[in-house]
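One structure below.
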Amino acid sequence: NAGVMQNPRHLVRRRGQEARLRCSPMKGHSHVYWYRQLPEEGLKFMVYLQKENIIDESGMPKERFSAEFPKEGPSILRIQQVVRGDSAAYFCASSPTRGTDTQYFGPGTRLTVL
Amino acid sequence: AQSVTQLDSHVSVSEGTPVLLRCNYSSSYSPSLFWYVQHPNKGLQLLLKYTSAATLVKGINGFEAEFKKSETSFHLTKPSAHMSDAAEYFCVVSDLSANAGKSTFGDGTTLTVKP
């Protein structure tokens, strides 16, 4: 049973470009969470999604950031018009149910904005 | 509302000596509590979790943690540190309040193990 997959593992973008980060949850998991880890800091919750629904986006910046988890295919975290402050590691986690169930983390995507 | 405080940002121990990483939490409901470990440039690995069963939880790699409701603590311990334990450790709280599954991470504790 493959774990949570994230790609790309490393992504370099210039200011103003778009970044697309992909997350494939573990098989049988229908709940996906995105977290951001800035250098020297802990993980901060961004968004929680189920298939075709955003459940909680209270941690998402109001502009430029969006997330989706379509019926088919991976979850996508999209950052438009990236700025240097977006440079961070972005982690995806999945769980089979909601609530307090264990979340299993992917290896992360390290975004560098030049 | 939920929150978690890791009381030490850095802990340094000698190989073979005990490890104590401290965590206090706040939760409006009966929480689930987790410890994760992150090695440099790696993802997060679950060490152990507490979900209202036994208060002393045993995890992987010899780690364990004790849930103390009266002290709202969930400290992580290991009797004897190994060089491979050097990493970042995160205490995490999650409850079924309005957060609907959102987990709150502590700021992390960096564990250094000296030879």
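Convention: chains lettered A, B, ... in structure tokens order; per-chain residue numbering from 1; ligands numbered from 1 as shown.
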
(request) Would you list the contacts of A:Lys44 as a list in words, taking every protein, DNA or RNA residue within 8 Å and counting only C-alpha atoms, but skipping same-chain residues closer than 4 positions in sequence? (result) Tyr35, Arg36, Gln37 and Gly59 of chain A; Thr104 and Phe105 of chain B

I need the residues from that last selection saved to file as a tab-separated table (two decimals), in the first residue's frame (with N, CA and C atoms), if you can.
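Saved the output as again.tsv:
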chain	number	residue	atom	x	y	z
A	35	TYR	N	-0.65	21.47	4.65
A	35	TYR	CA	0.04	22.25	5.67
A	35	TYR	C	1.22	22.96	5.01
A	36	ARG	N	1.61	24.09	5.60
A	36	ARG	CA	2.78	24.81	5.12
A	36	ARG	C	3.79	24.91	6.27
A	37	GLN	N	5.03	24.69	5.93
A	37	GLN	CA	6.10	24.80	6.92
A	37	GLN	C	7.11	25.82	6.42
A	59	GLY	N	-7.11	28.24	7.17
A	59	GLY	CA	-5.69	28.55	7.17
A	59	GLY	C	-5.15	29.02	5.84
B	104	THR	N	-3.61	20.86	15.10
B	104	THR	CA	-2.77	22.00	15.46
B	104	THR	C	-1.41	21.48	15.90
B	105	PHE	N	-0.37	21.99	15.26
B	105	PHE	CA	0.99	21.57	15.54
B	105	PHE	C	1.66	22.52	16.53

Residues of stretch 16-78 of chain A that have any atom at most 8 Å from an atom of stretch 92-95 of chain A: could you tabulate them with the shortest-distance atom pair and the distance in Å to one decimal, using only C-alpha atoms, ordered by chain and increasing number, as CSV?
residue,atom,partner,partner_atom,distance
A:Cys23,CA,A:Cys92,CA,6.3
A:Pro25,CA,A:Ser94,CA,5.4
A:Met26,CA,A:Ser94,CA,6.6
A:His29,CA,A:Ser95,CA,5.3
A:Ser30,CA,A:Ser95,CA,6.8
A:His31,CA,A:Ser95,CA,5.3
A:Val32,CA,A:Ser94,CA,4.5
A:Tyr33,CA,A:Ala93,CA,5.1
A:Trp34,CA,A:Cys92,CA,4.6
A:Tyr35,CA,A:Cys92,CA,6.3

Write the residues you've just listed into a file as a tab-separated table (two decimals), in the first residue's frame, and include C-alpha atoms for each of them.
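Dumped to result-v7.tsv:
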chain	number	residue	atom	x	y	z
A	23	CYS	CA	-1.03	15.16	-3.61
A	25	PRO	CA	-3.69	10.28	-0.75
A	26	MET	CA	-3.22	6.78	0.51
A	29	HIS	CA	-8.38	7.72	2.13
A	30	SER	CA	-10.92	10.34	1.16
A	31	HIS	CA	-9.74	13.17	3.44
A	32	VAL	CA	-6.83	15.41	2.49
A	33	TYR	CA	-5.11	18.16	4.47
A	34	TRP	CA	-2.52	20.69	3.34
A	35	TYR	CA	0.04	22.25	5.67

(request) Return the neighbours of chain A among the residues of chain B, cut-off 12 Å, counting only C-alpha atoms, as a ChimeraX atom specification. (result) /B:3-6,9-10,29-52,88-110

(request) Considering only C-alpha atoms, return as an MDAnalysis selection string whatever protein or nucleic-acid residues lie within 10 Å of A:Gln80, sequence-local ones (same chain, fewer than 4 positions apart) excluded. (result) chainID A and resid 15:20 63:66

(request) Please return as an MDAnalysis selection string: the residues of chain A that backbone DSSP assigns to strand (DSSP E or B). (result) chainID A and resid 5:7 10:13 19:24 31:37 43:50 53:56 65:68 75:79 88:95 104:105 109:113

(request) Find the distance between atom CA of B:Pro79 and atom CA of B:Leu7 and write it in Å to one decimal. (result)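 Separation of atom CA of B:Pro79 and atom CA of B:Leu7: 19.6 Å.
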